[in-house]
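**Q** I'm passing along start_31.tsv; it holds TSV, C-alpha atoms and all ligand atoms.
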```tsv
chain	number	residue	atom	x	y	z
A	249	MET	CA	9.81	12.92	-25.03
A	250	LYS	CA	8.75	11.03	-21.92
A	251	LEU	CA	9.66	7.67	-20.47
A	252	LYS	CA	6.54	5.55	-19.99
A	253	ILE	CA	6.51	3.25	-16.97
A	254	ALA	CA	3.87	0.61	-16.17
A	255	ILE	CA	3.24	-0.23	-12.54
A	256	GLN	CA	0.64	-2.36	-10.78
A	257	LYS	CA	-2.67	-0.54	-10.38
A	258	SER	CA	-3.43	-2.15	-7.04
A	259	GLY	CA	-2.09	-5.16	-5.21
A	260	ARG	CA	1.08	-6.19	-3.49
A	261	LEU	CA	3.55	-4.25	-5.64
A	262	HIS	CA	1.61	-0.98	-5.99
A	263	ASP	CA	2.67	0.83	-2.82
A	264	ASP	CA	6.33	-0.17	-3.00
A	265	SER	CA	6.51	0.81	-6.68
A	266	ILE	CA	5.17	4.30	-5.89
A	267	LYS	CA	7.46	4.52	-2.87
A	268	LEU	CA	10.51	3.66	-4.98
A	269	LEU	CA	9.69	6.39	-7.51
A	270	LYS	CA	9.21	8.88	-4.65
A	271	GLU	CA	12.52	7.86	-3.13
A	272	CYS	CA	14.07	8.59	-6.52
A	273	GLY	CA	12.81	12.14	-6.11
A	274	ILE	CA	9.98	11.75	-8.59
A	275	ASP	CA	6.71	13.47	-7.70
A	276	ILE	CA	3.64	11.57	-8.81
A	277	ASN	CA	0.09	11.83	-7.60
A	278	ASN	CA	-1.31	8.35	-7.54
A	279	GLY	CA	-4.99	9.06	-7.82
A	280	VAL	CA	-7.04	5.92	-7.31
A	281	ASN	CA	-9.08	4.92	-10.37
A	282	LYS	CA	-6.64	6.71	-12.64
A	283	LEU	CA	-5.30	4.91	-15.69
A	284	LYS	CA	-2.26	7.15	-15.98
A	285	THR	CA	-0.52	10.13	-14.51
A	286	GLU	CA	2.53	12.28	-15.19
A	287	ALA	CA	5.42	13.12	-12.91
A	288	ALA	CA	5.80	16.79	-12.09
A	289	ASN	CA	9.60	16.92	-12.04
A	290	PHE	CA	10.81	14.10	-14.31
A	291	PRO	CA	9.78	13.27	-17.90
A	292	LEU	CA	7.90	10.21	-16.75
A	293	GLU	CA	4.41	9.01	-17.61
A	294	VAL	CA	3.01	6.35	-15.27
A	295	PHE	CA	0.47	3.72	-16.41
A	296	PHE	CA	-1.46	1.78	-13.78
A	297	LEU	CA	-2.14	-1.78	-15.00
A	298	ARG	CA	-2.84	-5.35	-13.88
A	299	ASP	CA	0.50	-7.00	-13.22
A	300	ASP	CA	-0.27	-9.82	-15.70
A	301	ASP	CA	-0.57	-7.31	-18.55
A	302	ILE	CA	2.68	-5.44	-17.88
A	303	PRO	CA	5.11	-7.73	-19.82
A	304	GLN	CA	2.94	-7.53	-22.96
A	305	TYR	CA	2.72	-3.72	-22.76
A	306	ILE	CA	6.51	-3.54	-22.51
A	307	GLU	CA	7.10	-6.01	-25.34
A	308	ASP	CA	4.77	-3.97	-27.55
A	309	GLY	CA	6.50	-0.74	-26.57
A	310	VAL	CA	3.25	0.78	-25.27
A	311	ALA	CA	5.22	1.13	-22.03
A	312	ASP	CA	9.00	1.55	-22.19
A	313	ILE	CA	9.62	0.03	-18.79
A	314	GLY	CA	7.64	-1.53	-15.96
A	315	ILE	CA	7.79	-2.83	-12.41
A	316	VAL	CA	6.55	-6.40	-12.11
A	317	GLY	CA	7.33	-9.67	-10.32
A	318	GLU	CA	10.04	-11.74	-11.98
A	319	ASN	CA	7.58	-14.66	-11.69
A	320	VAL	CA	5.17	-12.85	-14.03
A	321	VAL	CA	7.92	-11.94	-16.51
A	322	LEU	CA	9.01	-15.59	-16.74
A	323	GLU	CA	5.49	-17.00	-16.95
A	324	LYS	CA	4.33	-14.63	-19.69
A	325	GLN	CA	7.35	-15.38	-21.92
A	326	LYS	CA	7.40	-11.90	-23.42
A	327	GLN	CA	10.49	-10.37	-24.98
A	328	VAL	CA	11.61	-7.91	-22.30
A	329	ASN	CA	14.92	-7.13	-20.59
A	330	ILE	CA	15.19	-7.43	-16.83
A	331	VAL	CA	17.39	-4.45	-16.03
A	332	GLN	CA	17.30	-4.26	-12.24
A	333	LYS	CA	16.13	-6.29	-9.27
A	334	LEU	CA	14.26	-4.05	-6.85
A	335	GLY	CA	14.44	-5.84	-3.49
A	336	PHE	CA	10.71	-5.85	-2.68
A	337	GLY	CA	7.84	-8.22	-3.46
A	338	LYS	CA	10.06	-11.12	-2.47
A	339	CYS	CA	8.47	-14.54	-2.60
A	340	ARG	CA	9.05	-18.02	-3.94
A	341	LEU	CA	7.09	-20.25	-6.25
A	342	SER	CA	6.87	-23.57	-4.47
A	343	MET	CA	5.37	-27.02	-4.77
A	344	ALA	CA	3.23	-28.04	-1.82
A	345	VAL	CA	1.38	-31.20	-0.88
A	346	GLU	CA	-0.98	-32.16	1.94
A	347	LYS	CA	0.78	-32.41	5.29
A	348	SER	CA	-0.01	-36.11	5.61
A	349	VAL	CA	1.66	-37.01	2.29
A	350	ASP	CA	4.95	-38.87	2.50
A	351	TYR	CA	7.17	-36.79	0.21
A	352	THR	CA	10.84	-37.51	-0.28
A	353	SER	CA	11.84	-36.15	-3.68
A	354	VAL	CA	10.65	-34.55	-6.86
A	355	LYS	CA	10.09	-38.08	-8.23
A	356	ASP	CA	7.02	-38.24	-5.99
A	357	LEU	CA	5.35	-35.80	-8.39
A	358	GLN	CA	5.44	-38.36	-11.22
A	359	ASN	CA	1.96	-38.85	-12.75
A	360	LYS	CA	0.40	-36.54	-10.20
A	361	ARG	CA	-2.06	-33.69	-10.81
A	362	ILE	CA	-0.58	-30.28	-10.02
A	363	ALA	CA	-2.78	-27.19	-9.72
A	364	THR	CA	-1.11	-23.85	-10.46
A	365	SER	CA	-1.48	-20.39	-11.98
A	366	TYR	CA	2.05	-20.78	-13.41
A	367	PRO	CA	1.76	-23.59	-16.01
A	368	VAL	CA	4.73	-22.44	-18.10
A	369	ILE	CA	7.21	-22.28	-15.22
A	370	VAL	CA	5.90	-25.54	-13.74
A	371	GLU	CA	6.15	-27.36	-17.06
A	372	GLU	CA	9.74	-26.23	-17.42
A	373	PHE	CA	10.57	-27.35	-13.88
A	374	LEU	CA	9.03	-30.78	-14.49
A	375	GLN	CA	10.89	-31.19	-17.77
A	376	GLN	CA	14.19	-30.29	-16.13
A	377	HIS	CA	13.61	-33.05	-13.59
A	378	GLY	CA	12.32	-35.57	-16.13
A	379	ILE	CA	8.92	-35.74	-14.46
A	380	LYS	CA	5.62	-36.27	-16.24
A	381	ALA	CA	2.64	-34.79	-14.44
A	382	GLU	CA	-0.73	-33.33	-15.26
A	383	ILE	CA	-0.88	-29.55	-14.88
A	384	HIS	CA	-4.23	-28.03	-14.00
A	385	GLU	CA	-4.19	-24.31	-14.62
A	386	ILE	CA	-6.38	-22.36	-12.20
A	387	SER	CA	-6.38	-18.64	-11.73
A	388	GLY	CA	-6.91	-18.24	-8.02
A	389	SER	CA	-7.33	-20.00	-4.65
A	390	VAL	CA	-4.86	-22.65	-5.78
A	391	GLU	CA	-4.31	-23.68	-2.16
A	392	ILE	CA	-7.76	-25.24	-1.85
A	393	ALA	CA	-7.25	-27.62	-4.81
A	394	PRO	CA	-5.88	-30.62	-2.87
A	395	GLY	CA	-8.61	-30.35	-0.23
A	396	ILE	CA	-11.40	-30.50	-2.80
A	397	GLY	CA	-9.81	-33.36	-4.69
A	398	LEU	CA	-8.81	-31.34	-7.74
A	399	ALA	CA	-5.09	-31.97	-7.43
A	400	ASP	CA	-2.43	-33.95	-5.56
A	401	ALA	CA	-0.06	-31.02	-5.34
A	402	ILE	CA	-0.03	-27.29	-5.98
A	403	CYS	CA	2.58	-24.86	-7.18
A	404	ASP	CA	1.93	-21.36	-5.87
A	405	LEU	CA	3.61	-18.22	-4.57
A	406	VAL	CA	4.60	-18.31	-0.93
A	407	SER	CA	5.91	-15.57	1.30
A	408	SER	CA	5.23	-16.20	4.99
A	409	GLY	CA	3.90	-19.72	4.41
A	410	SER	CA	0.80	-19.11	6.51
A	411	THR	CA	-1.64	-19.67	3.61
A	412	LEU	CA	-0.16	-23.13	3.01
A	413	PHE	CA	-0.21	-23.87	6.73
A	414	MET	CA	-3.82	-22.82	7.16
A	415	ASN	CA	-4.82	-25.10	4.30
A	416	GLY	CA	-3.06	-28.14	5.72
A	417	LEU	CA	-0.28	-28.05	3.13
A	418	LYS	CA	3.50	-28.28	3.38
A	419	GLU	CA	6.10	-26.78	1.06
A	420	VAL	CA	8.24	-29.46	-0.60
A	421	GLU	CA	10.14	-27.86	-3.51
A	422	THR	CA	11.23	-24.32	-4.36
A	423	VAL	CA	10.73	-23.87	-8.08
A	424	LEU	CA	11.70	-20.21	-8.33
A	425	LYS	CA	12.76	-17.33	-6.11
A	426	SER	CA	11.25	-14.04	-7.18
A	427	GLU	CA	11.14	-10.34	-6.42
A	428	ALA	CA	9.94	-7.20	-8.16
A	429	VAL	CA	12.13	-6.20	-11.11
A	430	LEU	CA	12.43	-3.29	-13.47
A	431	ALA	CA	11.85	-4.64	-16.97
A	432	ALA	CA	12.47	-2.72	-20.19
A	433	CYS	CA	11.51	-2.85	-23.84
A	434	HIS	CA	14.11	-4.41	-26.16
A	435	ASN	CA	14.15	-1.51	-28.58
A	436	LEU	CA	14.13	1.76	-26.71
A	437	GLN	CA	14.75	5.01	-28.55
A	438	PRO	CA	18.12	6.58	-27.61
A	439	GLU	CA	16.37	9.39	-25.75
A	440	GLN	CA	14.35	6.93	-23.71
A	441	GLN	CA	17.44	4.87	-23.02
A	442	LEU	CA	19.07	8.02	-21.59
A	443	LEU	CA	16.06	8.63	-19.35
A	444	LEU	CA	16.12	4.99	-18.25
A	445	ASP	CA	19.82	5.30	-17.40
A	446	LYS	CA	19.06	8.39	-15.33
A	447	LEU	CA	16.26	6.60	-13.48
A	448	LEU	CA	18.43	3.49	-12.97
A	449	PHE	CA	21.21	5.63	-11.52
A	450	ARG	CA	18.76	7.00	-8.95
A	451	ILE	CA	17.29	3.56	-8.19
A	452	GLN	CA	20.76	2.15	-7.60
A	453	ALA	CA	21.60	5.05	-5.28
A	454	VAL	CA	18.38	4.46	-3.30
A	455	ARG	CA	19.14	0.73	-3.08
A	456	LYS	CA	22.73	1.32	-2.01
A	457	ALA	CA	21.61	3.68	0.76
A	458	LYS	CA	19.44	0.88	2.16
A	459	ASN	CA	22.13	-1.78	2.31
A	501	LIG	O1	-4.69	-7.38	-9.77
A	501	LIG	P1	-3.40	-7.87	-10.30
A	501	LIG	O2	-3.54	-8.94	-11.36
A	501	LIG	O3	-2.49	-6.74	-10.69
A	501	LIG	O4	-2.65	-8.54	-9.02
A	501	LIG	P2	-2.52	-10.07	-8.57
A	501	LIG	O5	-3.62	-10.36	-7.61
A	501	LIG	O6	-2.31	-10.96	-9.73
A	501	LIG	O7	-1.10	-10.04	-7.83
A	501	LIG	P3	-0.73	-9.69	-6.32
A	501	LIG	O8	-0.95	-8.25	-6.06
A	501	LIG	O9	-1.31	-10.69	-5.37
A	501	LIG	O10	0.84	-10.01	-6.39
A	501	LIG	C1	1.69	-9.26	-7.19
A	501	LIG	C2	3.09	-9.83	-7.09
A	501	LIG	O11	3.54	-9.77	-5.73
A	501	LIG	C3	3.24	-11.30	-7.44
A	501	LIG	O12	3.28	-11.55	-8.84
A	501	LIG	C4	4.58	-11.63	-6.76
A	501	LIG	O13	5.65	-11.23	-7.60
A	501	LIG	C5	4.57	-10.74	-5.52
A	501	LIG	N1	4.28	-11.47	-4.26
A	501	LIG	C6	5.08	-11.45	-3.16
A	501	LIG	C7	3.23	-12.27	-3.98
A	501	LIG	C8	3.40	-12.74	-2.67
A	501	LIG	N2	4.56	-12.21	-2.18
A	501	LIG	C9	2.40	-13.61	-2.08
A	501	LIG	N3	2.54	-14.02	-0.92
A	501	LIG	N4	2.13	-12.61	-4.69
A	501	LIG	C10	1.20	-13.40	-4.15
A	501	LIG	N5	1.30	-13.92	-2.87
A	501	LIG	C11	0.15	-14.75	-2.41
A	501	LIG	C12	0.44	-16.22	-2.26
A	501	LIG	O14	0.17	-16.86	-3.49
A	501	LIG	C13	-0.55	-16.68	-1.19
A	501	LIG	O15	-1.77	-17.07	-1.80
A	501	LIG	O16	-0.25	-14.34	-1.14
A	501	LIG	C14	-0.81	-15.40	-0.41
A	501	LIG	C15	-0.26	-15.30	0.99
A	501	LIG	O17	1.08	-15.71	1.08
A	501	LIG	P4	1.70	-16.23	2.49
A	501	LIG	O18	2.72	-17.29	2.15
A	501	LIG	O19	2.33	-15.06	3.15
A	501	LIG	O20	0.56	-16.79	3.32
A	502	ZN	ZN	-2.29	-10.49	-11.58
```
Show me the file's structure as C-alpha cells.

**A**
Amino acid sequence: MKLKIAIQKSGRLHDDSIKLLKECGIDINNGVNKLKTEAANFPLEVFFLRDDDIPQYIEDGVADIGIVGENVVLEKQKQVNIVQKLGFGKCRLSMAVEKSVDYTSVKDLQNKRIATSYPVIVEEFLQQHGIKAEIHEISGSVEIAPGIGLADAICDLVSSGSTLFMNGLKEVETVLKSEAVLAACHNLQPEQQLLLDKLLFRIQAVRKAKN
C-alpha cells in the first residue's frame, strides 16, 4: 500500500514541494515530462499535475494528499481537508485599481466590473461586504484588464507587488492571504492515514527546525 501525493508539475510550487519531500528524507527522482514517480525509501507515489486539478484529484481519492495553494483549494470548492500549512508559496489575493483612481473603501467597488481568475472567492468577499459588482472571469494576464478597458478593478495574486506596479495599478484590499498547504482526502484508508501521520511528523520536524 502506498500513499499517493499530487504536486504541481511545473510552476511556482514545484521546486519547493520537491525540496520539502527531500528534506523529509524522501528520495524521489523528478524526471521532467514524467506523470508520476515512486519514492525509493518511503511508500510514496508522486503524481505531477496542474495545480488547478489537484483538489479534484484529492476529492476523488485518485490522490490521497496533495500540495497546492490554499487559494486554489478555496476557489475550487472541493471536499478536502487542509492538514498542514507549509510556509512557502506565500502570496495574497488582492483587489487593485488604477493608480489614478480615488479609492477610499470597499464601497467604491459597488457596480464596478472586476476582472479575476478567482470568481468564487471574489463573489464571497463582495457578499460579505454587501457589494454588488460584475465579475469578469479571465484565466490569465488579469493585470492588463483595466488598461484595455475590460474592467475597473482586478482581483489577483500578489507577492512582491511589482506586476501591479508595472501595470499602473495599486493594491486596495486584501481578500485572502495564502500559502502552500498539504491537503488530504476526506476518507483515507487506515493504512494511508498512518502513512500520512508519518509524513506529517517529518514535515512538522522540518518546519520546526527552520523556525
Ligand atoms: O501550470 P499550473 O496551472 O500548475 O500553474 P499556474 O500557472 O496556475 O500557477 P503558478 O505556478 O503561477 O502558481 C502556483 C501557486 O503559487 C499559486 O496558486 C499561489 O498559491 C502561489 N503563488 C505565490 C503565486 C504567487 N506567489 C504569485 N506572485 N501565484 C501567482 N503569482 C503571480 C501573480 O498573480 C502575478 O501575476 O505572479 C505574478 C507576479 O507577482 P508579483 O506580485 O511578485 O509581481
Ligand atoms: Zn494553475

**Q** Residues within 7 Å of ligand LIG 501 (chain A), counting all atoms listed in the file: report them as a ChimeraX atom specification.

**A** /A:256-261,297-300,316-320,337-339,389,404-412,426-428

**Q** Given all atoms listed in the file as the basis, pick out the residue of A:Val321, A:Ala311, A:Val331, A:Leu436 nearest to ligand ZN 502 (chain A).

**A**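 Using all atoms listed in the file, ligand ZN 502 (chain A) sits closest to A:Val321.
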
**Q** Just want the 8 Å neighbourhood of A:Val454, counted on all atoms listed in the file, with same-chain residues fewer than 4 positions away dropped. Output as an NGL selection string.

**A** :A and (271-272 or 450 or 458)

**Q** Using all atoms listed in the file for the distances, tell me which of A:Phe290, A:Phe295, A:Tyr366, A:Tyr305 is nearest to A:Glu385.

**A** A:Tyr366

**Q** Mind pulling up the distance from atom CA of A:Ala432 to atom CA of A:Phe296?

**A**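 Going from atom CA of A:Phe296 over to atom CA of A:Ala432 covers 16.0 Å.
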
**Q** Can you tell me how far atom CA of A:Val345 sits from atom CA of A:Leu322, in Å to one decimal?

**A**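 So the answer is 23.5 Å.
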
**Q** Separation of atom CA of A:Lys380 and atom CA of A:Asp356, in Å?

**A**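 So the two atoms, atom CA of A:Lys380 and atom CA of A:Asp356, lie 10.5 Å apart.
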
**Q** Applying 7 Å and only C-alpha atoms, which residues near A:Leu292 remain after dropping the ones on its own chain fewer than 3 positions away? List them as a ChimeraX atom specification.

**A** /A:250-252,286-287

**Q** Write out the residues from the selection above, keeping C-alpha atoms, as an mmCIF file, in the frame of the given file.

**A**
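Written file, result.cif:
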```
data_model
loop_
_atom_site.group_PDB
_atom_site.id
_atom_site.type_symbol
_atom_site.label_atom_id
_atom_site.label_comp_id
_atom_site.auth_asym_id
_atom_site.auth_seq_id
_atom_site.Cartn_x
_atom_site.Cartn_y
_atom_site.Cartn_z
ATOM 1 C CA LYS A 250 8.750 11.030 -21.920
ATOM 2 C CA LEU A 251 9.660 7.670 -20.470
ATOM 3 C CA LYS A 252 6.540 5.550 -19.990
ATOM 4 C CA GLU A 286 2.530 12.280 -15.190
ATOM 5 C CA ALA A 287 5.420 13.120 -12.910
#
```

**Q** May I have the residues within 8 Å of A:Leu443 as a short mmCIF file (atom, residue, chain, number, x, y, z; two decimals) with C-alpha atoms, in the frame of the given file, using all atoms listed in the file and disregarding those fewer than 4 positions away in the same chain?

**A**
```cif
data_model
loop_
_atom_site.label_atom_id
_atom_site.label_comp_id
_atom_site.auth_asym_id
_atom_site.auth_seq_id
_atom_site.Cartn_x
_atom_site.Cartn_y
_atom_site.Cartn_z
CA LEU A 251 9.66 7.67 -20.47
CA PRO A 291 9.78 13.27 -17.90
CA GLU A 439 16.37 9.39 -25.75
CA LEU A 447 16.26 6.60 -13.48
#
```

**Q** Please identify all polymer residues within 7 Å of A:Asp400, counting all atoms listed in the file, omitting same-chain residues fewer than 4 positions from it, and present them as a count of residues only.

**A** 5

**Q** With a distance cut-off of 7 Å and all atoms listed in the file, select the neighbouring residues of A:Ile313, excluding the residue or stretch itself and same-chain residues fewer than 3 positions from it, and output the selection as a ChimeraX atom specification.

**A** /A:252-254,306,430-433

**Q** Find the residue from A:Gly397, A:Pro367, A:Gly388, A:Gly314 that sits nearest to A:Gln332; use all atoms listed in the file when measuring.

**A**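 Among the listed residues, A:Gly314 lies closest to A:Gln332.
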
**Q** Need the neighbours of (9.6, -19.4, -2.8): which residues are at most 6 Å away, counting all atoms listed in the file, as JSON, numbers by chain?

**A** {"A": [339, 340, 341, 342, 406, 422, 424, 425]}

**Q** Rebuild N, CA and C atoms on stretch 372-408 of chain A, as a PDB file, in the coordinates of the input?

**A**
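Saved result, out27.pdb, follows:
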```
ATOM      1  N   GLU A 372       8.297 -26.271 -17.234  1.00  0.00           N
ATOM      2  CA  GLU A 372       9.740 -26.230 -17.420  1.00  0.00           C
ATOM      3  C   GLU A 372      10.467 -26.938 -16.275  1.00  0.00           C
ATOM      4  N   PHE A 373       9.981 -26.696 -15.063  1.00  0.00           N
ATOM      5  CA  PHE A 373      10.570 -27.350 -13.880  1.00  0.00           C
ATOM      6  C   PHE A 373      10.441 -28.872 -13.990  1.00  0.00           C
ATOM      7  N   LEU A 374       9.262 -29.334 -14.383  1.00  0.00           N
ATOM      8  CA  LEU A 374       9.030 -30.780 -14.490  1.00  0.00           C
ATOM      9  C   LEU A 374       9.929 -31.392 -15.558  1.00  0.00           C
ATOM     10  N   GLN A 375      10.042 -30.694 -16.681  1.00  0.00           N
ATOM     11  CA  GLN A 375      10.890 -31.190 -17.770  1.00  0.00           C
ATOM     12  C   GLN A 375      12.339 -31.314 -17.331  1.00  0.00           C
ATOM     13  N   GLN A 376      12.808 -30.271 -16.613  1.00  0.00           N
ATOM     14  CA  GLN A 376      14.190 -30.290 -16.130  1.00  0.00           C
ATOM     15  C   GLN A 376      14.466 -31.489 -15.247  1.00  0.00           C
ATOM     16  N   HIS A 377      13.428 -31.925 -14.514  1.00  0.00           N
ATOM     17  CA  HIS A 377      13.610 -33.050 -13.590  1.00  0.00           C
ATOM     18  C   HIS A 377      13.132 -34.364 -14.194  1.00  0.00           C
ATOM     19  N   GLY A 378      12.754 -34.338 -15.467  1.00  0.00           N
ATOM     20  CA  GLY A 378      12.320 -35.570 -16.130  1.00  0.00           C
ATOM     21  C   GLY A 378      11.046 -36.153 -15.540  1.00  0.00           C
ATOM     22  N   ILE A 379      10.166 -35.290 -15.079  1.00  0.00           N
ATOM     23  CA  ILE A 379       8.920 -35.740 -14.460  1.00  0.00           C
ATOM     24  C   ILE A 379       7.743 -35.487 -15.396  1.00  0.00           C
ATOM     25  N   LYS A 380       6.869 -36.461 -15.504  1.00  0.00           N
ATOM     26  CA  LYS A 380       5.620 -36.270 -16.240  1.00  0.00           C
ATOM     27  C   LYS A 380       4.505 -36.105 -15.223  1.00  0.00           C
ATOM     28  N   ALA A 381       3.768 -35.004 -15.350  1.00  0.00           N
ATOM     29  CA  ALA A 381       2.640 -34.790 -14.440  1.00  0.00           C
ATOM     30  C   ALA A 381       1.582 -34.017 -15.194  1.00  0.00           C
ATOM     31  N   GLU A 382       0.391 -34.012 -14.617  1.00  0.00           N
ATOM     32  CA  GLU A 382      -0.730 -33.330 -15.260  1.00  0.00           C
ATOM     33  C   GLU A 382      -0.864 -31.943 -14.627  1.00  0.00           C
ATOM     34  N   ILE A 383      -0.764 -30.905 -15.444  1.00  0.00           N
ATOM     35  CA  ILE A 383      -0.880 -29.550 -14.880  1.00  0.00           C
ATOM     36  C   ILE A 383      -2.303 -29.046 -15.063  1.00  0.00           C
ATOM     37  N   HIS A 384      -2.908 -28.636 -13.944  1.00  0.00           N
ATOM     38  CA  HIS A 384      -4.230 -28.030 -14.000  1.00  0.00           C
ATOM     39  C   HIS A 384      -4.088 -26.536 -13.760  1.00  0.00           C
ATOM     40  N   GLU A 385      -4.341 -25.748 -14.793  1.00  0.00           N
ATOM     41  CA  GLU A 385      -4.190 -24.310 -14.620  1.00  0.00           C
ATOM     42  C   GLU A 385      -5.445 -23.737 -13.965  1.00  0.00           C
ATOM     43  N   ILE A 386      -5.261 -23.093 -12.813  1.00  0.00           N
ATOM     44  CA  ILE A 386      -6.380 -22.360 -12.200  1.00  0.00           C
ATOM     45  C   ILE A 386      -5.896 -20.974 -11.831  1.00  0.00           C
ATOM     46  N   SER A 387      -6.830 -20.018 -11.831  1.00  0.00           N
ATOM     47  CA  SER A 387      -6.380 -18.640 -11.730  1.00  0.00           C
ATOM     48  C   SER A 387      -6.315 -18.101 -10.309  1.00  0.00           C
ATOM     49  N   GLY A 388      -6.990 -18.749  -9.389  1.00  0.00           N
ATOM     50  CA  GLY A 388      -6.910 -18.240  -8.020  1.00  0.00           C
ATOM     51  C   GLY A 388      -7.245 -19.330  -7.017  1.00  0.00           C
ATOM     52  N   SER A 389      -7.042 -19.046  -5.734  1.00  0.00           N
ATOM     53  CA  SER A 389      -7.330 -20.000  -4.650  1.00  0.00           C
ATOM     54  C   SER A 389      -6.759 -21.382  -4.941  1.00  0.00           C
ATOM     55  N   VAL A 390      -5.537 -21.396  -5.433  1.00  0.00           N
ATOM     56  CA  VAL A 390      -4.860 -22.650  -5.780  1.00  0.00           C
ATOM     57  C   VAL A 390      -4.741 -23.554  -4.550  1.00  0.00           C
ATOM     58  N   GLU A 391      -4.585 -22.911  -3.380  1.00  0.00           N
ATOM     59  CA  GLU A 391      -4.310 -23.680  -2.160  1.00  0.00           C
ATOM     60  C   GLU A 391      -5.448 -24.596  -1.723  1.00  0.00           C
ATOM     61  N   ILE A 392      -6.659 -24.359  -2.265  1.00  0.00           N
ATOM     62  CA  ILE A 392      -7.760 -25.240  -1.850  1.00  0.00           C
ATOM     63  C   ILE A 392      -7.872 -26.489  -2.746  1.00  0.00           C
ATOM     64  N   ALA A 393      -7.098 -26.530  -3.827  1.00  0.00           N
ATOM     65  CA  ALA A 393      -7.250 -27.620  -4.810  1.00  0.00           C
ATOM     66  C   ALA A 393      -7.053 -29.030  -4.225  1.00  0.00           C
ATOM     67  N   PRO A 394      -6.021 -29.257  -3.399  1.00  0.00           N
ATOM     68  CA  PRO A 394      -5.880 -30.620  -2.870  1.00  0.00           C
ATOM     69  C   PRO A 394      -7.061 -31.011  -1.970  1.00  0.00           C
ATOM     70  N   GLY A 395      -7.516 -30.076  -1.170  1.00  0.00           N
ATOM     71  CA  GLY A 395      -8.610 -30.350  -0.230  1.00  0.00           C
ATOM     72  C   GLY A 395      -9.915 -30.724  -0.912  1.00  0.00           C
ATOM     73  N   ILE A 396     -10.148 -30.182  -2.105  1.00  0.00           N
ATOM     74  CA  ILE A 396     -11.400 -30.500  -2.800  1.00  0.00           C
ATOM     75  C   ILE A 396     -11.206 -31.599  -3.845  1.00  0.00           C
ATOM     76  N   GLY A 397     -10.042 -32.207  -3.826  1.00  0.00           N
ATOM     77  CA  GLY A 397      -9.810 -33.360  -4.690  1.00  0.00           C
ATOM     78  C   GLY A 397      -9.479 -33.016  -6.136  1.00  0.00           C
ATOM     79  N   LEU A 398      -9.117 -31.767  -6.372  1.00  0.00           N
ATOM     80  CA  LEU A 398      -8.810 -31.340  -7.740  1.00  0.00           C
ATOM     81  C   LEU A 398      -7.366 -31.662  -8.125  1.00  0.00           C
ATOM     82  N   ALA A 399      -6.506 -31.760  -7.131  1.00  0.00           N
ATOM     83  CA  ALA A 399      -5.090 -31.970  -7.430  1.00  0.00           C
ATOM     84  C   ALA A 399      -4.393 -32.685  -6.283  1.00  0.00           C
ATOM     85  N   ASP A 400      -3.228 -33.286  -6.596  1.00  0.00           N
ATOM     86  CA  ASP A 400      -2.430 -33.950  -5.560  1.00  0.00           C
ATOM     87  C   ASP A 400      -1.397 -33.004  -4.984  1.00  0.00           C
ATOM     88  N   ALA A 401      -1.077 -31.983  -5.768  1.00  0.00           N
ATOM     89  CA  ALA A 401      -0.060 -31.020  -5.340  1.00  0.00           C
ATOM     90  C   ALA A 401      -0.425 -29.671  -5.926  1.00  0.00           C
ATOM     91  N   ILE A 402       0.158 -28.616  -5.375  1.00  0.00           N
ATOM     92  CA  ILE A 402      -0.030 -27.290  -5.980  1.00  0.00           C
ATOM     93  C   ILE A 402       1.341 -26.659  -6.186  1.00  0.00           C
ATOM     94  N   CYS A 403       1.383 -25.674  -7.057  1.00  0.00           N
ATOM     95  CA  CYS A 403       2.580 -24.860  -7.180  1.00  0.00           C
ATOM     96  C   CYS A 403       2.102 -23.415  -7.139  1.00  0.00           C
ATOM     97  N   ASP A 404       2.473 -22.705  -6.061  1.00  0.00           N
ATOM     98  CA  ASP A 404       1.930 -21.360  -5.870  1.00  0.00           C
ATOM     99  C   ASP A 404       2.980 -20.467  -5.201  1.00  0.00           C
ATOM    100  N   LEU A 405       2.716 -19.164  -5.225  1.00  0.00           N
ATOM    101  CA  LEU A 405       3.610 -18.220  -4.570  1.00  0.00           C
ATOM    102  C   LEU A 405       3.459 -18.335  -3.063  1.00  0.00           C
ATOM    103  N   VAL A 406       4.576 -18.227  -2.387  1.00  0.00           N
ATOM    104  CA  VAL A 406       4.600 -18.310  -0.930  1.00  0.00           C
ATOM    105  C   VAL A 406       5.450 -17.165  -0.417  1.00  0.00           C
ATOM    106  N   SER A 407       4.979 -16.470   0.621  1.00  0.00           N
ATOM    107  CA  SER A 407       5.910 -15.570   1.300  1.00  0.00           C
ATOM    108  C   SER A 407       6.075 -15.970   2.744  1.00  0.00           C
ATOM    109  N   SER A 408       5.069 -15.781   3.601  1.00  0.00           N
ATOM    110  CA  SER A 408       5.230 -16.200   4.990  1.00  0.00           C
ATOM    111  C   SER A 408       5.018 -17.709   5.154  1.00  0.00           C
TER     112      SER A 408
END
```
